[in-house]
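Chemist: See work.txt below, with compact mmCIF, C-alpha atoms and all ligand atoms.
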```
# COMPACT_ATOMS: atom_id res chain seq x y z
CA MET A 49 35.59 3.70 55.59
CA SER A 50 34.81 1.15 58.32
CA ALA A 51 34.23 2.19 61.94
CA LEU A 52 37.59 0.66 62.91
CA GLU A 53 39.45 2.52 60.17
CA LYS A 54 37.83 5.76 61.33
CA VAL A 55 39.00 5.19 64.90
CA ALA A 56 42.52 4.66 63.56
CA THR A 57 42.36 7.93 61.55
CA ASP A 58 41.05 10.00 64.46
CA PRO A 59 41.29 8.30 67.86
CA LEU A 60 38.45 10.54 69.11
CA HIS A 61 36.03 8.59 66.93
CA ASP A 62 36.18 6.09 69.77
CA VAL A 63 33.50 7.41 72.16
CA ARG A 64 35.37 6.54 75.35
CA ALA A 65 38.53 8.30 74.10
CA TYR A 66 36.39 11.28 73.08
CA ALA A 67 34.67 11.48 76.50
CA ALA A 68 38.02 11.20 78.32
CA GLY A 69 39.58 13.84 76.05
CA PHE A 70 36.69 16.26 76.60
CA GLU A 71 36.80 15.73 80.36
CA HIS A 72 40.56 16.39 80.35
CA TRP A 73 40.08 19.59 78.30
CA LEU A 74 37.43 20.78 80.77
CA ALA A 75 39.96 20.68 83.61
CA ALA A 76 40.75 24.24 82.46
CA PRO A 77 37.33 25.34 81.17
CA PRO A 78 36.83 28.50 79.10
CA ASP A 79 35.30 31.48 80.94
CA SER A 80 32.19 31.07 78.78
CA LEU A 81 31.50 27.66 80.36
CA ARG A 82 31.71 29.10 83.86
CA ALA A 83 29.34 31.90 82.80
CA ALA A 84 26.84 29.38 81.41
CA THR A 85 26.70 27.51 84.73
CA ALA A 86 25.52 30.62 86.63
CA PRO A 87 21.79 30.69 87.50
CA LEU A 88 20.30 32.99 84.82
CA PRO A 89 16.50 33.12 85.17
CA ASN A 90 16.24 35.72 82.41
CA TYR A 91 15.92 33.76 79.17
CA ALA A 92 17.72 36.32 76.98
CA ASP A 93 20.72 36.21 79.34
CA ARG A 94 20.73 32.43 79.16
CA VAL A 95 20.67 32.52 75.36
CA SER A 96 23.72 34.80 75.28
CA ALA A 97 25.64 32.74 77.82
CA MET A 98 24.89 29.44 76.09
CA ALA A 99 25.69 30.85 72.63
CA ALA A 100 29.10 32.08 73.86
CA MET A 101 29.87 28.68 75.41
CA MET A 102 28.77 26.82 72.28
CA ARG A 103 31.01 29.05 70.16
CA ASP A 104 34.04 28.07 72.24
CA LEU A 105 33.12 24.38 72.19
CA HIS A 106 32.65 24.52 68.43
CA ASP A 107 35.95 26.30 67.87
CA ALA A 108 37.73 23.73 70.04
CA GLY A 109 36.05 20.97 68.00
CA TRP A 110 34.24 19.15 70.83
CA SER A 111 30.68 19.88 69.67
CA ARG A 112 31.47 18.89 66.07
CA TYR A 113 31.92 15.21 66.91
CA GLY A 114 28.82 13.13 66.28
CA TRP A 115 27.98 14.99 63.06
CA PRO A 116 28.94 14.00 59.50
CA GLU A 117 31.93 15.71 57.93
CA GLU A 118 29.89 16.79 54.89
CA SER A 119 27.60 18.76 57.24
CA GLY A 120 30.49 20.51 58.99
CA GLY A 121 31.06 17.90 61.70
CA LEU A 122 34.08 15.78 62.54
CA GLY A 123 32.42 12.38 62.17
CA GLY A 124 31.28 9.93 64.83
CA THR A 125 27.72 9.13 65.90
CA ILE A 126 24.98 10.31 68.24
CA LEU A 127 26.90 8.49 71.00
CA HIS A 128 29.48 11.29 70.85
CA ARG A 129 26.70 13.85 71.28
CA GLY A 130 25.33 11.83 74.20
CA ALA A 131 28.75 11.95 75.87
CA PHE A 132 29.14 15.67 75.06
CA TRP A 133 25.96 16.78 76.87
CA GLU A 134 26.36 14.27 79.68
CA THR A 135 29.81 15.73 80.39
CA LEU A 136 28.48 19.31 80.31
CA SER A 137 25.68 18.41 82.74
CA ARG A 138 28.26 17.00 85.17
CA HIS A 139 30.11 20.29 84.86
CA HIS A 140 26.95 22.08 86.06
CA VAL A 141 25.63 23.45 82.77
CA PRO A 142 21.95 23.47 83.84
CA GLY A 143 20.33 22.50 80.52
CA MET A 144 20.56 22.72 76.74
CA ALA A 145 18.68 26.05 76.70
CA LEU A 146 18.04 26.89 73.06
CA PHE A 147 20.27 24.11 71.77
CA GLU A 148 17.63 21.39 72.22
CA HIS A 149 17.08 21.58 68.46
CA LEU A 150 20.50 20.01 67.98
CA GLU A 151 18.78 16.82 69.14
CA ILE A 152 15.25 17.46 67.83
CA LEU A 153 15.44 19.17 64.41
CA ALA A 154 19.08 18.89 63.39
CA PRO A 155 19.13 15.08 62.86
CA ALA A 156 16.30 15.44 60.30
CA LEU A 157 18.02 18.41 58.60
CA VAL A 158 21.20 16.37 58.24
CA ALA A 159 19.33 13.30 56.99
CA MET A 160 16.89 15.04 54.62
CA GLY A 161 17.78 18.73 54.23
CA PRO A 162 19.36 20.39 51.17
CA PRO A 163 23.06 19.42 51.62
CA ASP A 164 24.54 22.84 50.61
CA PHE A 165 22.28 24.65 53.06
CA VAL A 166 22.86 22.15 55.88
CA SER A 167 26.66 22.35 55.53
CA GLN A 168 26.37 26.07 56.41
CA ALA A 169 23.44 25.88 58.83
CA LEU A 170 24.68 23.11 61.12
CA PRO A 171 28.01 24.85 61.97
CA ALA A 172 26.06 28.11 62.48
CA LEU A 173 23.79 26.33 64.98
CA LEU A 174 26.60 24.43 66.67
CA SER A 175 28.53 27.66 67.17
CA GLY A 176 25.52 29.52 68.57
CA GLN A 177 25.27 32.02 65.73
CA GLU A 178 21.90 30.96 64.29
CA LEU A 179 19.18 29.24 66.27
CA TRP A 180 16.17 27.24 65.13
CA ALA A 181 12.47 26.84 65.84
CA GLN A 182 9.93 24.19 64.87
CA GLY A 183 6.63 25.41 63.37
CA PHE A 184 4.22 22.49 63.51
CA SER A 185 1.35 23.30 65.94
CA GLU A 186 -1.44 25.71 65.04
CA PRO A 187 -4.32 27.16 67.07
CA ASP A 188 -6.62 24.42 65.68
CA ALA A 189 -4.07 21.72 64.92
CA GLY A 190 -2.05 20.22 67.76
CA SER A 191 -2.77 16.56 68.44
CA ASP A 192 -4.39 16.32 65.02
CA LEU A 193 -1.36 17.73 63.21
CA ALA A 194 -2.51 16.44 59.80
CA SER A 195 -5.37 18.97 59.87
CA LEU A 196 -3.03 21.99 59.84
CA ARG A 197 -4.06 24.94 57.67
CA THR A 198 -0.95 27.02 57.00
CA VAL A 199 -0.66 26.94 53.20
CA ALA A 200 2.26 27.15 50.79
CA VAL A 201 1.31 28.04 47.21
CA ALA A 202 3.83 27.62 44.36
CA GLY A 203 4.91 30.63 42.24
CA ASP A 204 7.91 32.94 41.49
CA GLY A 205 10.57 30.23 41.78
CA GLY A 206 9.35 29.22 45.17
CA PHE A 207 6.33 29.28 47.47
CA LYS A 208 4.27 31.88 49.33
CA ILE A 209 3.40 30.84 52.87
CA ASN A 210 0.35 32.11 54.75
CA GLY A 211 -0.85 30.98 58.15
CA ARG A 212 -0.32 30.98 61.90
CA LYS A 213 1.75 28.74 64.16
CA ILE A 214 1.58 28.62 67.93
CA TRP A 215 3.66 27.29 70.84
CA THR A 216 6.75 27.71 68.65
CA SER A 217 9.59 27.26 71.13
CA TRP A 218 12.51 29.68 70.90
CA ALA A 219 11.09 31.47 67.81
CA ARG A 220 11.89 34.79 69.43
CA TYR A 221 15.58 33.93 69.41
CA ALA A 222 15.68 31.90 66.19
CA THR A 223 16.87 32.78 62.71
CA TRP A 224 15.31 29.74 61.03
CA CYS A 225 12.04 27.91 61.44
CA LEU A 226 11.14 24.51 60.01
CA VAL A 227 7.55 25.14 58.93
CA LEU A 228 5.14 22.36 58.10
CA ALA A 229 2.69 23.74 55.52
CA ARG A 230 -0.06 22.42 53.31
CA THR A 231 0.90 22.06 49.66
CA GLY A 232 -1.97 19.69 48.81
CA THR A 233 -5.75 20.01 49.17
CA PRO A 234 -7.27 20.33 52.69
CA GLU A 235 -8.54 16.75 52.29
CA SER A 236 -5.02 15.45 51.54
CA ARG A 237 -4.30 15.51 55.31
CA HIS A 238 -0.80 14.13 56.03
CA ARG A 239 -0.15 13.32 52.34
CA GLY A 240 -0.29 17.01 51.30
CA LEU A 241 2.23 18.58 53.70
CA THR A 242 5.73 19.93 52.96
CA ALA A 243 8.53 20.93 55.37
CA PHE A 244 10.07 24.32 54.50
CA ILE A 245 13.07 26.10 55.96
CA VAL A 246 11.84 29.66 56.54
CA ASP A 247 14.09 32.60 57.34
CA LEU A 248 12.33 34.33 60.26
CA ARG A 249 13.88 37.64 59.16
CA SER A 250 11.83 37.53 55.92
CA PRO A 251 9.22 40.22 55.19
CA GLY A 252 5.78 39.02 56.30
CA VAL A 253 6.97 37.07 59.37
CA GLU A 254 5.78 38.26 62.78
CA VAL A 255 6.93 36.61 66.03
CA ARG A 256 5.01 37.36 69.24
CA ALA A 257 6.41 35.96 72.47
CA ILE A 258 4.01 34.19 74.85
CA GLU A 259 4.92 34.75 78.47
CA GLN A 260 4.63 31.53 80.45
CA ALA A 261 3.55 30.89 84.02
CA ASN A 262 7.14 29.90 84.86
CA GLY A 263 8.33 33.41 83.90
CA THR A 264 10.12 32.48 80.64
CA ASP A 265 9.25 33.60 77.13
CA GLU A 266 10.31 30.37 75.49
CA LEU A 267 7.07 29.99 73.52
CA ALA A 268 5.81 32.21 70.71
CA GLU A 269 3.11 32.68 68.12
CA VAL A 270 4.41 33.12 64.57
CA THR A 271 2.35 34.48 61.66
CA PHE A 272 3.26 34.21 58.00
CA ASP A 273 1.78 36.75 55.59
CA ASP A 274 2.80 36.03 51.97
CA VAL A 275 6.25 34.89 53.07
CA HIS A 276 8.41 33.86 50.11
CA VAL A 277 10.46 30.66 50.41
CA SER A 278 12.71 29.36 47.66
CA ASP A 279 11.99 25.83 46.44
CA ALA A 280 15.62 25.02 47.31
CA ARG A 281 14.57 25.28 50.98
CA ILE A 282 12.42 22.14 51.11
CA VAL A 283 13.43 19.42 53.54
CA GLY A 284 12.71 16.00 52.06
CA HIS A 285 10.31 16.17 49.11
CA LEU A 286 7.33 18.23 48.02
CA ASP A 287 4.31 16.70 49.81
CA GLY A 288 6.76 14.59 51.83
CA GLY A 289 6.59 16.73 55.00
CA TRP A 290 4.92 14.06 57.11
CA LYS A 291 7.99 11.83 56.85
CA VAL A 292 10.17 14.76 58.01
CA ALA A 293 7.78 15.50 60.89
CA MET A 294 7.82 11.85 62.02
CA HIS A 295 11.64 11.78 61.88
CA ILE A 296 11.74 14.89 64.08
CA LEU A 297 9.11 13.59 66.51
CA SER A 298 10.91 10.27 66.89
CA HIS A 299 13.94 12.23 68.11
CA GLU A 300 11.88 14.61 70.25
CA ARG A 301 10.11 11.68 71.94
CA GLY A 302 12.94 9.16 71.84
CA THR A 303 16.65 10.00 71.76
CA PHE A 304 16.07 13.49 73.22
CA ALA A 305 15.21 11.80 76.54
CA TRP A 306 18.87 10.85 76.95
CA PHE A 307 19.99 14.47 76.71
CA ARG A 308 17.27 15.80 79.00
CA HIS A 309 17.68 13.11 81.64
CA CYS A 310 21.39 13.93 82.10
CA PHE A 311 20.33 17.32 83.49
CA LEU A 312 17.70 15.71 85.73
CA TYR A 313 20.40 13.47 87.23
CA GLN A 314 22.48 16.55 87.92
CA GLN A 315 19.53 18.32 89.58
CA LEU A 316 19.06 15.29 91.76
CA THR A 317 22.76 15.15 92.67
CA ASP A 318 22.76 18.88 93.50
CA GLY A 319 19.58 18.46 95.56
CA LEU A 320 21.14 15.63 97.56
CA GLU A 321 23.53 18.12 99.10
CA HIS A 322 20.49 19.66 100.86
CA GLY A 323 18.52 16.40 101.25
CA GLY A 324 16.81 15.12 104.40
CA ALA A 325 16.18 11.50 105.44
CA ASP A 326 12.39 11.87 105.38
CA SER A 327 12.44 12.14 101.59
CA ASP A 328 13.99 8.71 101.01
CA ALA A 329 10.88 7.14 99.45
CA GLN A 330 10.46 10.03 97.01
CA LEU A 331 14.17 9.94 96.22
CA GLY A 332 13.85 6.22 95.48
CA ASP A 333 10.97 6.91 93.08
CA ALA A 334 12.98 9.60 91.30
CA LEU A 335 16.00 7.32 90.94
CA LEU A 336 13.90 4.45 89.60
CA ASP A 337 12.22 6.75 87.08
CA LEU A 338 15.59 8.06 85.97
CA ALA A 339 17.01 4.54 85.66
CA ALA A 340 14.09 3.61 83.39
CA VAL A 341 14.88 6.58 81.12
CA THR A 342 18.60 5.76 81.16
CA THR A 343 18.04 2.25 79.84
CA THR A 344 15.39 3.04 77.22
CA SER A 345 17.03 6.21 75.89
CA HIS A 346 20.46 4.55 75.89
CA ALA A 347 18.99 1.77 73.75
CA GLY A 348 17.51 4.50 71.52
CA LEU A 349 20.92 6.17 71.07
CA HIS A 350 22.49 2.84 70.09
CA ALA A 351 19.63 2.07 67.69
CA HIS A 352 20.06 5.47 66.05
CA ALA A 353 23.86 5.02 65.84
CA ALA A 354 23.19 1.71 64.03
CA ASP A 355 20.67 3.39 61.66
CA ASP A 356 17.70 1.51 63.15
CA PRO A 357 14.51 3.62 63.10
CA LEU A 358 13.11 4.22 66.58
CA GLY A 359 9.46 3.86 65.51
CA PRO A 360 6.71 3.78 68.16
CA LYS A 361 9.22 2.88 70.91
CA ALA A 362 9.96 6.62 71.05
CA ALA A 363 6.47 7.24 72.52
CA PHE A 364 7.25 4.88 75.39
CA THR A 365 10.53 6.68 76.12
CA LYS A 366 8.75 10.05 76.20
CA LEU A 367 6.26 8.73 78.78
CA LEU A 368 9.11 7.52 80.98
CA LEU A 369 10.88 10.87 80.66
CA CYS A 370 7.70 12.69 81.77
CA GLU A 371 7.53 10.48 84.88
CA ALA A 372 11.17 11.24 85.69
CA GLU A 373 10.69 15.00 85.16
CA ARG A 374 7.79 14.96 87.61
CA SER A 375 9.30 12.76 90.29
CA VAL A 376 12.70 14.52 90.36
CA ASN A 377 11.01 17.90 90.56
CA SER A 378 8.45 16.80 93.16
CA TRP A 379 11.30 15.55 95.33
CA ARG A 380 13.16 18.83 94.96
CA TYR A 381 10.03 20.86 95.65
CA ASP A 382 9.41 19.03 98.93
CA LEU A 383 13.02 19.59 99.97
CA ASP A 384 13.06 23.29 99.28
CA ALA A 385 10.42 25.48 100.91
CA ASP A 386 11.75 28.54 99.03
CA LEU A 387 10.32 27.16 95.78
CA ALA A 388 6.79 27.45 97.13
CA ILE A 389 6.94 30.75 98.96
CA GLY A 390 8.12 32.98 96.13
CA VAL A 391 11.74 33.70 97.11
CA GLN A 392 13.21 35.42 94.06
CA ASP A 393 16.98 34.96 94.19
CA ASP A 394 18.34 33.76 90.85
CA GLU A 395 19.00 30.19 91.92
CA THR A 396 15.53 29.69 93.42
CA ALA A 397 13.90 31.37 90.43
CA MET A 398 15.68 28.91 88.09
CA ARG A 399 14.63 25.92 90.19
CA ARG A 400 11.04 27.17 90.26
CA GLN A 401 11.12 27.46 86.46
CA GLU A 402 12.32 23.85 86.27
CA TYR A 403 9.59 22.71 88.65
CA LEU A 404 6.83 24.44 86.66
CA PHE A 405 8.28 23.14 83.39
CA SER A 406 8.08 19.59 84.77
CA ARG A 407 4.28 20.08 84.89
CA ILE A 408 3.96 20.79 81.15
CA VAL A 409 6.39 18.25 79.73
CA THR A 410 3.47 15.89 79.10
CA VAL A 411 2.39 18.21 76.27
CA TYR A 412 5.37 19.04 74.01
CA GLY A 413 6.18 16.57 71.22
CA GLY A 414 2.57 15.32 71.42
CA SER A 415 0.40 14.99 74.52
CA GLN A 416 0.53 12.09 76.99
CA GLN A 417 -2.77 10.77 75.60
CA MET A 418 -1.38 10.76 72.05
CA GLN A 419 1.74 8.84 73.19
CA LEU A 420 -0.55 6.28 74.87
CA GLU A 421 -2.59 6.06 71.69
CA THR A 422 0.57 5.41 69.62
CA ILE A 423 1.63 2.63 72.00
CA ALA A 424 -1.88 1.11 72.03
CA LYS A 425 -2.22 1.08 68.24
CA GLN A 426 1.31 0.56 66.97
CA THR A 427 3.00 -1.50 69.68
CA LEU A 428 0.16 -3.39 71.36
CA ARG A 429 -1.97 -3.48 68.15
CA LEU A 430 -5.13 -2.79 70.13
CA PRO A 431 -8.25 -2.09 68.03
C1 LIG B 501 6.65 23.45 76.45
C2 LIG B 501 6.03 23.25 75.11
C3 LIG B 501 6.80 23.45 73.97
C4 LIG B 501 6.22 23.29 72.71
N1 LIG B 501 7.00 23.56 71.61
C5 LIG B 501 6.48 23.45 70.38
C6 LIG B 501 7.25 23.78 69.23
O1 LIG B 501 8.41 24.19 69.33
N2 LIG B 501 6.68 23.67 68.02
C7 LIG B 501 5.39 23.23 67.84
O2 LIG B 501 4.94 23.12 66.71
N3 LIG B 501 4.60 22.92 68.92
C8 LIG B 501 5.12 23.02 70.18
N4 LIG B 501 4.34 22.73 71.29
C9 LIG B 501 2.92 22.41 71.10
C10 LIG B 501 2.57 20.95 71.35
O3 LIG B 501 3.14 20.10 70.38
C11 LIG B 501 1.04 20.86 71.38
O4 LIG B 501 0.58 21.66 72.48
C12 LIG B 501 0.55 19.44 71.57
O5 LIG B 501 0.80 18.68 70.39
C13 LIG B 501 -0.97 19.39 71.90
O6 LIG B 501 -1.70 20.11 70.98
P1 LIG B 501 -2.78 21.22 71.47
O7 LIG B 501 -2.09 22.14 72.43
O8 LIG B 501 -3.39 21.81 70.25
O9 LIG B 501 -3.84 20.41 72.30
P2 LIG B 501 -5.12 19.57 71.73
O10 LIG B 501 -4.68 18.78 70.53
O11 LIG B 501 -6.22 20.58 71.55
O12 LIG B 501 -5.40 18.64 72.93
C14 LIG B 501 -6.05 19.08 74.12
C15 LIG B 501 -6.24 17.87 75.01
O13 LIG B 501 -7.08 16.90 74.36
C16 LIG B 501 -6.42 15.65 74.27
N5 LIG B 501 -6.73 14.99 72.99
C17 LIG B 501 -6.73 15.56 71.76
N6 LIG B 501 -7.02 14.65 70.83
C18 LIG B 501 -7.19 13.47 71.46
C19 LIG B 501 -7.50 12.13 71.03
N7 LIG B 501 -7.68 11.84 69.73
N8 LIG B 501 -7.58 11.16 71.96
C20 LIG B 501 -7.38 11.45 73.28
N9 LIG B 501 -7.09 12.68 73.76
C21 LIG B 501 -7.00 13.69 72.86
C22 LIG B 501 -4.94 15.95 74.36
O14 LIG B 501 -4.21 14.86 74.87
C23 LIG B 501 -4.92 17.13 75.32
O15 LIG B 501 -4.95 16.68 76.65
C24 LIG B 501 4.88 22.89 72.57
C25 LIG B 501 4.11 22.66 73.73
C26 LIG B 501 4.67 22.84 74.98
C27 LIG B 501 3.83 22.62 76.20
```
Kindly return the structure encoded in the file as structure tokens.
Ligand SMILES: Cc1cc2nc3c(=O)[nH]c(=O)nc-3n(C[C@H](O)[C@H](O)[C@H](O)COP(=O)(O)OP(=O)(O)OC[C@H]3O[C@@H](n4cnc5c(N)ncnc54)[C@H](O)[C@@H]3O)c2cc1C
Modeler:
Amino acid sequence: MSALEKVATDPLHDVRAYAAGFEHWLAAPPDSLRAATAPLPNYADRVSAMAAMMRDLHDAGWSRYGWPEESGGLGGTILHRGAFWETLSRHHVPGMALFEHLEILAPALVAMGPPDFVSQALPALLSGQELWAQGFSEPDAGSDLASLRTVAVAGDGGFKINGRKIWTSWARYATWCLVLARTGTPESRHRGLTAFIVDLRSPGVEVRAIEQANGTDELAEVTFDDVHVSDARIVGHLDGGWKVAMHILSHERGTFAWFRHCFLYQQLTDGLEHGGADSDAQLGDALLDLAAVTTTSHAGLHAHAADDPLGPKAAFTKLLLCEAERSVNSWRYDLDADLAIGVQDDETAMRRQEYLFSRIVTVYGGSQQMQLETIAKQTLRLP
């Protein structure tokens, strides 16, 4: 069916009509949305509040636009998802907390995952019932991901996984983890990796939360001790995990910037209510940095909607997002003395978490240096 025919079948396939319809519906928001806008510095509380809101938005249909019907969606493109989260940010939802994987992992699951599994798993994620984590990094394999040592050995109608992952965001709250494991020889590097969907409730899985300096327990260490995974739970192909990882990273570095920057705009707008004239230069920097992310990530959303791979351009977008994270948060920090002096009311605690997070964004999805290296080699073709 052509795009025009789809719009005729369901007028909400037109993104503007969808955005207007969602805005209209939010004139009488569900209680769960109000609850999710409250400052909740405790991460577990935020997970519950966001999951309840996502359940209501799934049941009302709004979060299902932008996803294919065969995966439990209502059709449309990533532009619908862009409008969805932009609208929520304007309605003071402070971030995607725990639902970031809708825009990091889920596109790869839909494109390359086992269709029967994905048609159950995507609705479960969209409705906040089952969350996800991404198990790539290891204690000795971060920037050099192709050297990872977690192994998956075939047998018993599936694989046995052994190894250790670290910095696994949201693992403590997740049901599923996309684990990149070695199925080839150690020398096979990126050619011998496979992406598995692992049930974190399986025997042999241990998740240990890592408490962060900003007071959250977002990160975790996950160990796998003879964990059985069925061979029906491979994303992509056996030994084809690198392609899956690159698909995921192109979203994490590229299109994800659109979703994240909507919340930065909202932080800036909220901060303006308390702003002083002496911060004009810093405010200008923050606005310019945000404008740069708006244009590049908007282009990325359109490229994705047109099935154009993002490629190394995603690295450039991630660098711009990091600049915007830092400049918006530096501006807010200078406006608000409470952030520095340890005031602990919920709102200040949340803002302090955001500020501290803005200092580590240069690491997730590949470090700043690795993004620069990608641009140097793949875009500028430097030796
Ligand atoms: C908030 C946050 C969330 C994260 N979430 C996840 C997650 O959900 N799942 C997951 O798998 N991982 C996650 N990570 C881990 C992240 O992907 C890694 O930390 C990152 O890839 C860097 O790897 P590393 O920590 O091993 O550092 P290393 O690779 O040891 O790097 C250390 C330093 O050396 C530099 N360096 C390394 N190699 C080179 C080189 N060749 N040239 C120049 N400089 C180099 C790096 O830039 C860095 O500054 C997360 C990290 C953060 C901060």
Chemist: Would you kindly return, as a list in words, each protein, DNA or RNA residue with an atom no farther than 8 Å from any atom of A:Leu387, considering only C-alpha atoms and excluding same-chain residues fewer than 2 positions away?
Modeler: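 Contacts, with the query itself left out: Tyr381, Asp384, Ala385, Ile389, Gly390, Val391, Thr396, Ala397, Arg399 and Arg400 of chain A.
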Chemist: For a quick check of understanding, using all atoms listed in the file, which of A:Leu430, A:Ala362, A:Leu320, A:Ala261 has the smallest distance to ligand LIG 501 (chain B)?
Modeler: A:Ala261
Chemist: Closest to ligand LIG 501 (chain B) among A:Gly123, A:Pro187, A:Gly130, A:Gly284, using only C-alpha atoms and all ligand atoms?
Modeler: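 Closest candidate: A:Pro187.
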Chemist: Quick one: of A:Leu241, A:Leu316, A:Leu157, A:Leu193, who's nearest to ligand LIG 501 (chain B), counting all atoms listed in the file?
Modeler: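 Going through A:Leu241, A:Leu316, A:Leu157, A:Leu193 one by one, the smallest distance to ligand LIG 501 (chain B) is for A:Leu193.
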Chemist: Report, in Å with one decimal, the straight-line distance from atom CA of A:Ser278 to atom CA of A:Ala156.
Modeler: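 Between atom CA of A:Ser278 and atom CA of A:Ala156 the gap is 19.1 Å.
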Chemist: Taking all atoms listed in the file and a cut-off of 7 Å, can you tell me which residues surround ligand LIG 501 (chain B), written as an NGL selection string?
Modeler: :A and (181-192 or 213-217 or 267 or 408-409 or 411-418)
Chemist: With distances taken over only C-alpha atoms, which residue among A:Leu369, A:Val376, A:Val63, A:Val55 lies nearest A:Ile126?
Modeler: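 Of all the options, A:Val63 lies closest to A:Ile126.
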Chemist: Just to confirm, what's the straight-line distance from atom CA of A:Ala84 to atom CA of A:Gln260 in Å (one decimal)?
Modeler: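 Atom-to-atom, atom CA of A:Ala84 and atom CA of A:Gln260 are spaced 22.3 Å apart.
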Chemist: Closest to A:His309 among A:Cys370, A:Ala280, A:Ala229, A:Ala154, using only C-alpha atoms?
Modeler: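 The shortest atom-to-atom distance to A:His309 comes from A:Cys370.
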Chemist: Return the padded bounding box of stretch 154-169 of chain A as JSON: axis-aligned, built from all atoms listed in the file, 3 Å added on each side, with centre and edge lengths in Å to one decimal.
Modeler:
```
{"center_x": 21.5, "center_y": 19.7, "center_z": 57.0, "size_x": 16.4, "size_y": 18.8, "size_z": 18.8}
```
Chemist: Go through A:Tyr91, A:Tyr113, A:Tyr313, A:Trp133 one by one, measure the shortest atom-to-atom distance of each to A:Pro59 using only C-alpha atoms, and give the residue with the smallest value.
Modeler: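 Selected residue with least distance to A:Pro59: A:Tyr113.
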Chemist: To one decimal place in Å, what is the distance between atom CA of A:Val283 and atom CA of A:Phe364?
Modeler: 27.0 Å
Chemist: Pick out the residues sitting within 12 Å of A:Val227, and hand them over as a PDB file with C-alpha atoms, keeping the file's coordinate frame; count all atoms listed in the file, and ignore anything fewer than 3 positions along from it in its own chain.
Modeler:
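around.pdb written:
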```pdb
ATOM      1  CA  LEU A 153      15.440  19.170  64.410  1.00  0.00           C
ATOM      2  CA  TRP A 180      16.170  27.240  65.130  1.00  0.00           C
ATOM      3  CA  ALA A 181      12.470  26.840  65.840  1.00  0.00           C
ATOM      4  CA  GLN A 182       9.930  24.190  64.870  1.00  0.00           C
ATOM      5  CA  GLY A 183       6.630  25.410  63.370  1.00  0.00           C
ATOM      6  CA  PHE A 184       4.220  22.490  63.510  1.00  0.00           C
ATOM      7  CA  SER A 185       1.350  23.300  65.940  1.00  0.00           C
ATOM      8  CA  GLU A 186      -1.440  25.710  65.040  1.00  0.00           C
ATOM      9  CA  LEU A 196      -3.030  21.990  59.840  1.00  0.00           C
ATOM     10  CA  ARG A 197      -4.060  24.940  57.670  1.00  0.00           C
ATOM     11  CA  THR A 198      -0.950  27.020  57.000  1.00  0.00           C
ATOM     12  CA  VAL A 199      -0.660  26.940  53.200  1.00  0.00           C
ATOM     13  CA  ALA A 200       2.260  27.150  50.790  1.00  0.00           C
ATOM     14  CA  ILE A 209       3.400  30.840  52.870  1.00  0.00           C
ATOM     15  CA  ASN A 210       0.350  32.110  54.750  1.00  0.00           C
ATOM     16  CA  GLY A 211      -0.850  30.980  58.150  1.00  0.00           C
ATOM     17  CA  ARG A 212      -0.320  30.980  61.900  1.00  0.00           C
ATOM     18  CA  LYS A 213       1.750  28.740  64.160  1.00  0.00           C
ATOM     19  CA  ILE A 214       1.580  28.620  67.930  1.00  0.00           C
ATOM     20  CA  THR A 216       6.750  27.710  68.650  1.00  0.00           C
ATOM     21  CA  ALA A 219      11.090  31.470  67.810  1.00  0.00           C
ATOM     22  CA  TRP A 224      15.310  29.740  61.030  1.00  0.00           C
ATOM     23  CA  ARG A 230      -0.060  22.420  53.310  1.00  0.00           C
ATOM     24  CA  THR A 231       0.900  22.060  49.660  1.00  0.00           C
ATOM     25  CA  LEU A 241       2.230  18.580  53.700  1.00  0.00           C
ATOM     26  CA  THR A 242       5.730  19.930  52.960  1.00  0.00           C
ATOM     27  CA  ALA A 243       8.530  20.930  55.370  1.00  0.00           C
ATOM     28  CA  PHE A 244      10.070  24.320  54.500  1.00  0.00           C
ATOM     29  CA  ILE A 245      13.070  26.100  55.960  1.00  0.00           C
ATOM     30  CA  VAL A 246      11.840  29.660  56.540  1.00  0.00           C
ATOM     31  CA  ASP A 247      14.090  32.600  57.340  1.00  0.00           C
ATOM     32  CA  LEU A 248      12.330  34.330  60.260  1.00  0.00           C
ATOM     33  CA  VAL A 253       6.970  37.070  59.370  1.00  0.00           C
ATOM     34  CA  VAL A 270       4.410  33.120  64.570  1.00  0.00           C
ATOM     35  CA  THR A 271       2.350  34.480  61.660  1.00  0.00           C
ATOM     36  CA  PHE A 272       3.260  34.210  58.000  1.00  0.00           C
ATOM     37  CA  VAL A 275       6.250  34.890  53.070  1.00  0.00           C
ATOM     38  CA  VAL A 277      10.460  30.660  50.410  1.00  0.00           C
ATOM     39  CA  ARG A 281      14.570  25.280  50.980  1.00  0.00           C
ATOM     40  CA  ILE A 282      12.420  22.140  51.110  1.00  0.00           C
ATOM     41  CA  VAL A 283      13.430  19.420  53.540  1.00  0.00           C
ATOM     42  CA  GLY A 289       6.590  16.730  55.000  1.00  0.00           C
ATOM     43  CA  TRP A 290       4.920  14.060  57.110  1.00  0.00           C
ATOM     44  CA  VAL A 292      10.170  14.760  58.010  1.00  0.00           C
ATOM     45  CA  ALA A 293       7.780  15.500  60.890  1.00  0.00           C
TER      46      ALA A 293
END
```
Chemist: What's the 6 Å shell around stretch 167-173 of chain A, counting only C-alpha atoms, without same-chain residues fewer than 5 positions away, as a list in words?
Modeler: Ser119, Gly120, Glu178 and Leu179 of chain A
Chemist: Using only C-alpha atoms, collect all residues at a distance of at most 10 Å from (13.8, 12.3, 71.6) as written in the file, then present them as an MDAnalysis selection string.
Modeler: chainID A and resid 148 151:152 295:308 345 348:349 358 362:363 365:366 369 413
